[in-house]
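Have a look at the structure below before the remarks.
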There are 2 protein chains.
Amino acid sequence: MGKEITSRSQDYAQWYNDLILKSGLADYSAVRGCMVIKPYGFALWENMRDELDRMFKDTGHVNAYFPLFVPKSLFEAEEKNAEGFAKECAVVTHYRLKTDPENKGKLIVDPEAKLEEELVVRPTSEAIIWNTYKGWIQSYRDLPILVNQWANVVRWEMRTRLFLRTAEFLWQEGHTAHATKEEAIIEAEKMLEVYADFAENFMAVPVIKGLKTANERFAGAEETYCIEALMQDGKALQAGTSHFLGQNFAKAFDVKFSDKTNTLDYVWATSWGVSTRLIGGLVMAHSDDDGLILPPKIAPLQVVIVPIYKNDVEKGAIANKVHQLVSEFKQLGIRIKFDDTDNARPGWKFAEYEMKGVPVRVAIGPRDLANNMAEVARRDTKEKLSVSLDNLPYYIKTLLDEIQLNLFTKAKQFRDEHITKADTWDDFVKLLDEKGGFVAAHWDGTGETEDKIKELTKATIRCIPLDNKQEDGTCILTGKPSIQRVLFARAY
Amino acid sequence: MGKEITSRSQDYAQWYNDLILKSGLADYSAVRGCMVIKPYGFALWENMRDELDRMFKDTGHVNAYFPLFVPKSLFEAEEKNAEGFAKECAVVTHYRLKTDPENKGKLIVDPEAKLEEELVVRPTSEAIIWNTYKGWIQSYRDLPILVNQWANVVRWEMRTRLFLRTAEFLWQEGHTAHATKEEAIIEAEKMLEVYADFAENFMAVPVIKGLKTANERFAGAEETYCIEALMQDGKALQAGTSHFLGQNFAKAFDVKFSDKTNTLDYVWATSWGVSTRLIGGLVMAHSDDDGLILPPKIAPLQVVIVPIYKNDVEKGAIANKVHQLVSEFKQLGIRIKFDDTDNARPGWKFAEYEMKGVPVRVAIGPRDLANNMAEVARRDTKEKLSVSLDNLPYYIKTLLDEIQLNLFTKAKQFRDEHITKADTWDDFVKLLDEKGGFVAAHWDGTGETEDKIKELTKATIRCIPLDNKQEDGTCILTGKPSIQRVLFARAY
């Protein structure tokens, strides 16, 4: 079938790449580090995006669109942010090509069309947005501004991986402006909750909500909140971040407002984003050696019906019944496909839909039809069951909920089993090397120690959990006093 | 109120700009030729996009996403296409910034981070997409490919106007691949019908479906189909195009397929697109000197209810009733807002919602409430009527349909009155100068004559209507024989 994929135990990274390519989620492109999101992958992204968009709107946000390009002088205005992203900026320097006088049919960059000021392709949009907000904000009546943008951004990464780290990626970035510090912090925390809700209840991926250390903070933020997920290979994945930006961008772009007493003050800000990277995390959290396993709530296709027949008469009889069933499924809001194409055998189709992670497969042959039954197969557990055609749509509607819950429960159990305490350096290293997952250990609170641990083990502090227990202890590396454990892990 | 806009008769171009800015559709940005689409404008675009997306999916298309960047060597592969867009390409030449050693806190382009091959920011995606399709197509079984992409594109225009012509704009671009020429032509024509359906039945803008002349064809197309709309100032606007690309891109990227007899042939292609430019056309087709007039089907807000009260008791009584009404409106799928903010007087709110083009305004005061009535005002005709609160939601649901139809009827009448025949050069020029609109005139069929007419009058051939009557005549400029009239106009 030419669709064999490397097993996880053999080579996890290769398994991941095989899966993305062979399930039809994405493809490599001719542009270094950029990928093509194929129709199946994009349909998955659309389901995720639409759900997030609904959640953003339900929490009072509106969408807008800001330019792709950031003039260099604006980009550098907030120094820490600029410094953080400078090394990975694609830069537009010219605005015209012309025919190569020495090479017919070829083009060269027209040296006379050099821009006076270079344009940075946005790696994130704080600069261009806060420069715009300056014109929108005069008084407290103009606040809050609760804007989100769905956009492409470019970060010139040296080592890229499909979905997880690509030079161009799709994301949403919320950029809000507030009259008070408290309101901005509440907003940053609220959006973290939205992300956690989405990850757990739609992607079926359990996440730990926490704060980043100063070292790992977004460039230009006062505080970075994050959700951290765990992959099957024991590595962590940052699945979303929400930043309290203080007044840093307001100061960089001179955005002040007059409050009710006519006093001028700088505006308070947040920004928050999730990206197509989530798809990489989704794949690595649930899938197996036979292909993708997708949670029903966001799967492009929730149910596929494959007819099994030897001739046109049998096919016609099955199709007749199935068309009626399909409309019942659709009335229940279930995304279903009846695959009656003749160009592949049922076995091939079964493998194909397993590869694509369709949550439920239904097979109907002549004998099933005679018995008014169908064979229902779950993608997650591989269980098969005979079900009466009479209540098939309702049965499967309930089954989809069960699968959704099962995926979450399984991933949560795995995650919970992979949060381990370490109290000695040897245990710490051994846990990282042999068990993986999050290691809860004491840390002396300094960036230097954090750097040193990263250098020695490749593990970083993923987060300080929001509900962290305060507990006296000594730093795993330096032995200095510590008031709480933090979560270390190797990460994507 | 600080919201005065220039009148159309005074300065049509200024009226348009005032309207876009003051209604909150868009804003200028710090990037030359690029604009910010503000939340109100983006909500309008979302409604348009969602409807088009539904129509594309209903006609069998799926969405995907291809890279923003096109390596120069791919960009130049289809020579006519490359030549057509070369003059307006933003080009990425470097992938890193670094600290300016001579200017603390400033950044410069790192000369050591020069790309080996420059990247063109896509002005359109045929090149990157056909280079990708090469890997997806081997046999007739892989065809057709019916893919659409929602994306941002960049064309470095020298003279820009909000929505109508911006350096960066949002659009969709369909790119399809077919086994036969006939199938590709049917696809190109089908998508033109989709665009015409959308323009007329959702935007309420009547359009003429036609073919472009060779001079006006998309660079790299064999045939360009278009829909042409008419603005209130008598200028035409190209609202959408659908291209039959022949085998040009398949040949440029060597994309062949084997048919059922195992014969290899190049694949046939189409591409088709509409953009945020449609918003400019929408504004200019319907709006008046008081602000926007938006068709109900795509208006971000269809109904606004403004309470009129002198004190909190009156306000409370009105709010009580309105909250109940609002939920009835929502059950009917009507996008409604109850504006009970205290920071503006009713008169100011009325003017604001007129500016924003909300199709129906409802005002309710204490006396209305006592009489169980409300004052309903139409944005399109400015008519006001007292309506019983009992059937208000149903009444307005019908009224919204009536407004939608009225906008189309009015625009169509104006358009039809502005298609005029000219049989002499003097009449032709006089019509263009004094009446405007489309002038139906004979043309000898040559590009030279077309160029000359453009030079003399600034009018171009907008299209050769699809259902054009064949009629012998003589060219308006050269007197040479002609078999049909074509539609000339000055255009945006």
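Identifiers in the structure tokens: chain A, B, ... in order shown; residue index from 1 per chain; ligand index from 1 in order shown.
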**Asked** Which polymer residues have any atom within 7 Å of an atom of segment 438-451 of chain B, counting only C-alpha atoms, with same-chain residues fewer than 5 positions away left out, as a ChimeraX atom specification?
**Response** /B:215,418-423,473-476,480-482,484-489
Write out the residues from the selection above, keeping N, CA and C atoms, as a tab-separated table (two decimals), in the first residue's frame.
chain	number	residue	atom	x	y	z
B	215	ASN	N	-5.47	42.22	-24.19
B	215	ASN	CA	-4.70	43.25	-23.47
B	215	ASN	C	-4.94	43.23	-21.96
B	418	HIS	N	-27.08	53.32	-17.26
B	418	HIS	CA	-25.74	53.77	-17.62
B	418	HIS	C	-25.00	52.80	-18.53
B	419	ILE	N	-25.77	52.10	-19.35
B	419	ILE	CA	-25.16	51.36	-20.46
B	419	ILE	C	-25.71	52.03	-21.71
B	420	THR	N	-24.86	52.76	-22.41
B	420	THR	CA	-25.33	53.59	-23.51
B	420	THR	C	-24.57	53.24	-24.79
B	421	LYS	N	-25.29	53.20	-25.88
B	421	LYS	CA	-24.62	52.94	-27.15
B	421	LYS	C	-24.00	54.22	-27.71
B	422	ALA	N	-22.84	54.08	-28.31
B	422	ALA	CA	-22.24	55.21	-29.02
B	422	ALA	C	-21.86	54.72	-30.40
B	423	ASP	N	-22.18	55.54	-31.43
B	423	ASP	CA	-21.85	55.13	-32.79
B	423	ASP	C	-20.89	56.08	-33.47
B	473	GLY	N	-20.86	46.28	-37.55
B	473	GLY	CA	-20.72	47.71	-37.35
B	473	GLY	C	-19.31	48.13	-37.69
B	474	THR	N	-18.97	49.38	-37.37
B	474	THR	CA	-17.62	49.85	-37.66
B	474	THR	C	-17.01	50.40	-36.38
B	475	CYS	N	-15.71	50.20	-36.23
B	475	CYS	CA	-14.98	50.59	-35.02
B	475	CYS	C	-15.12	52.08	-34.74
B	476	ILE	N	-15.41	52.39	-33.53
B	476	ILE	CA	-15.63	53.77	-33.08
B	476	ILE	C	-14.42	54.66	-33.35
B	480	LYS	N	-12.89	50.56	-38.94
B	480	LYS	CA	-12.75	49.22	-39.51
B	480	LYS	C	-13.94	48.35	-39.11
B	481	PRO	N	-14.18	47.27	-39.84
B	481	PRO	CA	-15.36	46.45	-39.54
B	481	PRO	C	-15.30	45.78	-38.17
B	482	SER	N	-16.47	45.60	-37.57
B	482	SER	CA	-16.58	44.99	-36.24
B	482	SER	C	-17.80	44.09	-36.24
B	484	GLN	N	-19.26	43.05	-33.21
B	484	GLN	CA	-20.04	43.20	-31.97
B	484	GLN	C	-19.61	44.46	-31.23
B	485	ARG	N	-20.51	44.94	-30.39
B	485	ARG	CA	-20.16	46.04	-29.50
B	485	ARG	C	-19.46	45.46	-28.27
B	486	VAL	N	-18.55	46.22	-27.68
B	486	VAL	CA	-17.94	45.82	-26.41
B	486	VAL	C	-18.19	46.94	-25.41
B	487	LEU	N	-17.98	46.67	-24.14
B	487	LEU	CA	-18.30	47.69	-23.12
B	487	LEU	C	-17.04	48.45	-22.68
B	488	PHE	N	-17.03	49.72	-22.97
B	488	PHE	CA	-15.95	50.60	-22.53
B	488	PHE	C	-16.38	51.33	-21.26
B	489	ALA	N	-15.41	51.66	-20.42
B	489	ALA	CA	-15.68	52.55	-19.29
B	489	ALA	C	-14.37	53.03	-18.69
Counting only C-alpha atoms, which residues in chain B sit no more than 7 Å from chain A? For each one, give the nearest pair of atoms and the distance in Å, sorted by chain then residue number, as JSON lines.
{"residue": "B:Ser29", "atom": "CA", "partner": "A:Thr132", "partner_atom": "CA", "distance": 6.8}
{"residue": "B:Val31", "atom": "CA", "partner": "A:Pro71", "partner_atom": "CA", "distance": 6.5}
{"residue": "B:Cys34", "atom": "CA", "partner": "A:Pro67", "partner_atom": "CA", "distance": 6.2}
{"residue": "B:Met35", "atom": "CA", "partner": "A:Pro67", "partner_atom": "CA", "distance": 6.5}
{"residue": "B:Val36", "atom": "CA", "partner": "A:Phe66", "partner_atom": "CA", "distance": 4.7}
{"residue": "B:Ile37", "atom": "CA", "partner": "A:Tyr65", "partner_atom": "CA", "distance": 4.9}
{"residue": "B:Lys38", "atom": "CA", "partner": "A:Ala64", "partner_atom": "CA", "distance": 5.2}
{"residue": "B:Pro39", "atom": "CA", "partner": "A:Ala64", "partner_atom": "CA", "distance": 4.7}
{"residue": "B:Phe42", "atom": "CA", "partner": "A:Ala64", "partner_atom": "CA", "distance": 5.4}
{"residue": "B:Val62", "atom": "CA", "partner": "A:Pro39", "partner_atom": "CA", "distance": 6.0}
{"residue": "B:Asn63", "atom": "CA", "partner": "A:Pro39", "partner_atom": "CA", "distance": 5.5}
{"residue": "B:Ala64", "atom": "CA", "partner": "A:Pro39", "partner_atom": "CA", "distance": 4.7}
{"residue": "B:Tyr65", "atom": "CA", "partner": "A:Ile37", "partner_atom": "CA", "distance": 5.0}
{"residue": "B:Phe66", "atom": "CA", "partner": "A:Val36", "partner_atom": "CA", "distance": 4.8}
{"residue": "B:Pro67", "atom": "CA", "partner": "A:Cys34", "partner_atom": "CA", "distance": 6.1}
{"residue": "B:Phe69", "atom": "CA", "partner": "A:Val31", "partner_atom": "CA", "distance": 6.9}
{"residue": "B:Val70", "atom": "CA", "partner": "A:Val31", "partner_atom": "CA", "distance": 6.9}
{"residue": "B:Pro71", "atom": "CA", "partner": "A:Val31", "partner_atom": "CA", "distance": 6.5}
{"residue": "B:Glu76", "atom": "CA", "partner": "A:Lys106", "partner_atom": "CA", "distance": 6.3}
{"residue": "B:Glu79", "atom": "CA", "partner": "A:Gly105", "partner_atom": "CA", "distance": 6.6}
{"residue": "B:Ala86", "atom": "CA", "partner": "A:Leu97", "partner_atom": "CA", "distance": 4.9}
{"residue": "B:Lys87", "atom": "CA", "partner": "A:Arg96", "partner_atom": "CA", "distance": 4.9}
{"residue": "B:Glu88", "atom": "CA", "partner": "A:Arg96", "partner_atom": "CA", "distance": 5.3}
{"residue": "B:Cys89", "atom": "CA", "partner": "A:Arg96", "partner_atom": "CA", "distance": 4.9}
{"residue": "B:Ala90", "atom": "CA", "partner": "A:Tyr95", "partner_atom": "CA", "distance": 4.2}
{"residue": "B:Val91", "atom": "CA", "partner": "A:Val92", "partner_atom": "CA", "distance": 5.3}
{"residue": "B:Val92", "atom": "CA", "partner": "A:Val92", "partner_atom": "CA", "distance": 4.2}
{"residue": "B:Thr93", "atom": "CA", "partner": "A:Val92", "partner_atom": "CA", "distance": 6.3}
{"residue": "B:His94", "atom": "CA", "partner": "A:Val91", "partner_atom": "CA", "distance": 5.3}
{"residue": "B:Tyr95", "atom": "CA", "partner": "A:Ala90", "partner_atom": "CA", "distance": 4.2}
{"residue": "B:Arg96", "atom": "CA", "partner": "A:Lys87", "partner_atom": "CA", "distance": 4.9}
{"residue": "B:Leu97", "atom": "CA", "partner": "A:Ala86", "partner_atom": "CA", "distance": 4.9}
{"residue": "B:Lys98", "atom": "CA", "partner": "A:Ala86", "partner_atom": "CA", "distance": 6.3}
{"residue": "B:Gly105", "atom": "CA", "partner": "A:Glu79", "partner_atom": "CA", "distance": 6.6}
{"residue": "B:Lys106", "atom": "CA", "partner": "A:Glu76", "partner_atom": "CA", "distance": 6.3}
{"residue": "B:Leu107", "atom": "CA", "partner": "A:Glu76", "partner_atom": "CA", "distance": 6.6}
{"residue": "B:Thr132", "atom": "CA", "partner": "A:Ser29", "partner_atom": "CA", "distance": 6.8}
{"residue": "B:Trp156", "atom": "CA", "partner": "A:Tyr95", "partner_atom": "CA", "distance": 6.4}
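Those residues of segment 290-437 of chain A that DSSP, working from the backbone, places in strand (DSSP E or B) are Gly291, Val303, Val304, Ile305, Val306, Pro307, Ile336, Lys337, Phe338, Val360, Arg361, Val362, Ala363, Ile364, Met373, Ala374, Glu375, Val376, Ala377, Arg378, Lys384, Leu385, Ser386, Val387, Ser388, Ile419, Thr420 and Lys421 of chain A.
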**DSSP-assigned helix (DSSP H, G or I) among segment 131-337 of chain A, expressed as number ranges by chain** = A: 131-136, 140-142, 181-201, 214-216, 248-252, 277-286, 312-331
**Asked** Excluding same-chain residues fewer than 5 positions from Gly437 of chain A, what lies within 10 Å of it counting only C-alpha atoms, as number ranges by chain?
**Response** A: 229-236, 414-420, 431-432, 487-491
Compile the contact shell of Lys321 of chain B as an mmCIF file with C-alpha atoms, in the first residue's frame: residues with an atom at most 12 Å away, counting only C-alpha atoms, same-chain residues fewer than 2 positions apart removed.
data_model
loop_
_atom_site.group_PDB
_atom_site.id
_atom_site.type_symbol
_atom_site.label_atom_id
_atom_site.label_comp_id
_atom_site.auth_asym_id
_atom_site.auth_seq_id
_atom_site.Cartn_x
_atom_site.Cartn_y
_atom_site.Cartn_z
ATOM 1 C CA ILE B 305 -32.148 49.449 19.069
ATOM 2 C CA PRO B 307 -33.566 53.601 23.884
ATOM 3 C CA GLU B 314 -37.571 55.023 32.023
ATOM 4 C CA LYS B 315 -34.363 53.354 30.907
ATOM 5 C CA GLY B 316 -35.057 50.314 33.054
ATOM 6 C CA ALA B 317 -38.582 49.874 31.731
ATOM 7 C CA ILE B 318 -37.402 50.090 28.130
ATOM 8 C CA ALA B 319 -34.441 47.773 28.749
ATOM 9 C CA HIS B 323 -34.023 42.333 26.358
ATOM 10 C CA GLN B 324 -36.982 40.126 25.644
ATOM 11 C CA LEU B 325 -37.180 41.436 22.067
ATOM 12 C CA VAL B 326 -33.462 40.930 21.491
ATOM 13 C CA SER B 327 -33.687 37.244 22.244
ATOM 14 C CA GLU B 328 -36.583 36.932 19.784
ATOM 15 C CA PHE B 338 -29.135 47.151 21.994
ATOM 16 C CA ILE B 364 -38.074 53.205 21.734
ATOM 17 C CA GLY B 365 -39.068 55.917 24.202
ATOM 18 C CA PRO B 366 -41.431 55.871 27.205
ATOM 19 C CA ASP B 368 -43.660 54.203 22.519
ATOM 20 C CA LEU B 369 -43.426 51.676 25.313
ATOM 21 C CA ALA B 370 -46.771 52.782 26.749
ATOM 22 C CA ASN B 372 -46.502 49.055 22.746
ATOM 23 C CA MET B 373 -44.893 50.593 19.678
ATOM 24 C CA ALA B 374 -41.444 51.409 18.324
ATOM 25 C CA LEU B 389 -43.720 45.654 19.482
ATOM 26 C CA ASP B 390 -45.722 42.428 19.242
ATOM 27 C CA LEU B 392 -41.465 43.685 15.598
#
**Prompt:** Could you name the residues that touch Lys384 of chain B at 12 Å or less, counting only C-alpha atoms, but leaving out those on the same chain fewer than 2 positions away, as a PyMOL selection string?
**Reply:** chain B and resi 360-363+374-382+386-387
Take the residues that were just selected and, keeping C-alpha atoms, output them as a PDB file, in the first residue's frame.
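Listing of out_1.pdb after writing:
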ATOM      1  CA  VAL B 360     -32.548  49.163  10.410  1.00  0.00           C
ATOM      2  CA  ARG B 361     -32.659  51.414  13.441  1.00  0.00           C
ATOM      3  CA  VAL B 362     -35.288  51.017  16.113  1.00  0.00           C
ATOM      4  CA  ALA B 363     -35.954  53.798  18.637  1.00  0.00           C
ATOM      5  CA  ALA B 374     -41.444  51.409  18.324  1.00  0.00           C
ATOM      6  CA  GLU B 375     -40.136  53.754  15.660  1.00  0.00           C
ATOM      7  CA  VAL B 376     -38.466  51.806  12.867  1.00  0.00           C
ATOM      8  CA  ALA B 377     -36.146  53.678  10.476  1.00  0.00           C
ATOM      9  CA  ARG B 378     -34.721  52.227   7.254  1.00  0.00           C
ATOM     10  CA  ARG B 379     -31.179  53.251   6.414  1.00  0.00           C
ATOM     11  CA  ASP B 380     -31.677  52.897   2.658  1.00  0.00           C
ATOM     12  CA  THR B 381     -34.763  55.084   2.146  1.00  0.00           C
ATOM     13  CA  LYS B 382     -34.672  56.980   5.462  1.00  0.00           C
ATOM     14  CA  SER B 386     -44.394  53.098  13.858  1.00  0.00           C
ATOM     15  CA  VAL B 387     -44.563  49.356  14.386  1.00  0.00           C
TER      16      VAL B 387
END
**Item:** Contacts of segment 263-267 of chain A within 9 Å, only C-alpha atoms, excl. fewer than 4 positions in-chain, as number ranges by chain
**Value:** A: 137, 139, 143, 177-181, 246-251, 254-259
Keeping only N, CA and C atoms, write the selected residues to a file as a compact mmCIF listing (two decimals), in the first residue's frame.
# COMPACT_ATOMS: atom_id res chain seq x y z
N ILE A 137 -6.50 55.57 20.74
CA ILE A 137 -6.73 55.73 22.17
C ILE A 137 -6.42 57.15 22.64
N SER A 139 -8.87 58.49 25.46
CA SER A 139 -9.41 58.54 26.81
C SER A 139 -9.81 57.15 27.29
N LEU A 143 -11.15 52.52 25.92
CA LEU A 143 -10.63 51.26 26.46
C LEU A 143 -11.74 50.42 27.07
N ALA A 177 -5.72 46.30 25.05
CA ALA A 177 -5.28 47.53 25.72
C ALA A 177 -6.24 47.85 26.85
N HIS A 178 -5.70 48.18 28.01
CA HIS A 178 -6.53 48.37 29.21
C HIS A 178 -6.13 49.61 30.00
N ALA A 179 -7.11 50.07 30.81
CA ALA A 179 -6.87 51.27 31.62
C ALA A 179 -6.10 50.95 32.90
N THR A 180 -6.19 49.70 33.37
CA THR A 180 -5.50 49.39 34.62
C THR A 180 -4.67 48.11 34.50
N LYS A 181 -3.70 48.03 35.36
CA LYS A 181 -2.84 46.86 35.44
C LYS A 181 -3.65 45.61 35.79
N GLY A 246 2.57 44.68 30.62
CA GLY A 246 2.77 45.89 31.40
C GLY A 246 2.50 47.12 30.54
N GLN A 247 3.34 48.15 30.71
CA GLN A 247 3.21 49.36 29.90
C GLN A 247 4.35 49.46 28.90
N ASN A 248 5.03 48.33 28.68
CA ASN A 248 6.24 48.38 27.84
C ASN A 248 5.98 48.89 26.42
N PHE A 249 4.93 48.35 25.80
CA PHE A 249 4.66 48.80 24.42
C PHE A 249 4.03 50.18 24.40
N ALA A 250 3.21 50.48 25.40
CA ALA A 250 2.62 51.82 25.49
C ALA A 250 3.73 52.87 25.61
N LYS A 251 4.75 52.54 26.38
CA LYS A 251 5.86 53.49 26.53
C LYS A 251 6.67 53.58 25.24
N ASP A 254 4.45 55.47 22.93
CA ASP A 254 3.84 56.66 23.53
C ASP A 254 2.31 56.64 23.46
N VAL A 255 1.72 55.57 23.98
CA VAL A 255 0.26 55.46 23.96
C VAL A 255 -0.27 55.75 25.36
N LYS A 256 -0.84 56.97 25.51
CA LYS A 256 -1.38 57.39 26.80
C LYS A 256 -2.88 57.61 26.69
N PHE A 257 -3.54 57.52 27.83
CA PHE A 257 -4.98 57.82 27.85
C PHE A 257 -5.26 58.70 29.05
N SER A 258 -6.34 59.49 28.94
CA SER A 258 -6.73 60.29 30.11
C SER A 258 -7.82 59.54 30.85
N ASP A 259 -7.65 59.41 32.16
CA ASP A 259 -8.65 58.68 32.93
C ASP A 259 -9.79 59.62 33.34
**Message:** List the spatial neighbours of Thr270 of chain A as a count of residues only - criterion: any atom at most 9 Å away, only C-alpha atoms, same-chain residues fewer than 3 positions off excluded.
**Reply:** 15
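Distances here use only C-alpha atoms; by that measure, the residue among B:Asp58, B:Asp288, B:Glu112, B:Glu352 closest to Ser23 of chain B is B:Glu352.
Between atom CA of Pro393 of chain A and atom CA of Leu332 of chain A there is a distance of 7.7 Å.
Reported to one decimal place, the separation of atom CA of Leu292 of chain B from atom CA of Gly24 of chain B is 10.3 Å.
Distance-wise, atom CA of Gly220 of chain B and atom CA of Glu116 of chain B end up 27.2 Å apart.
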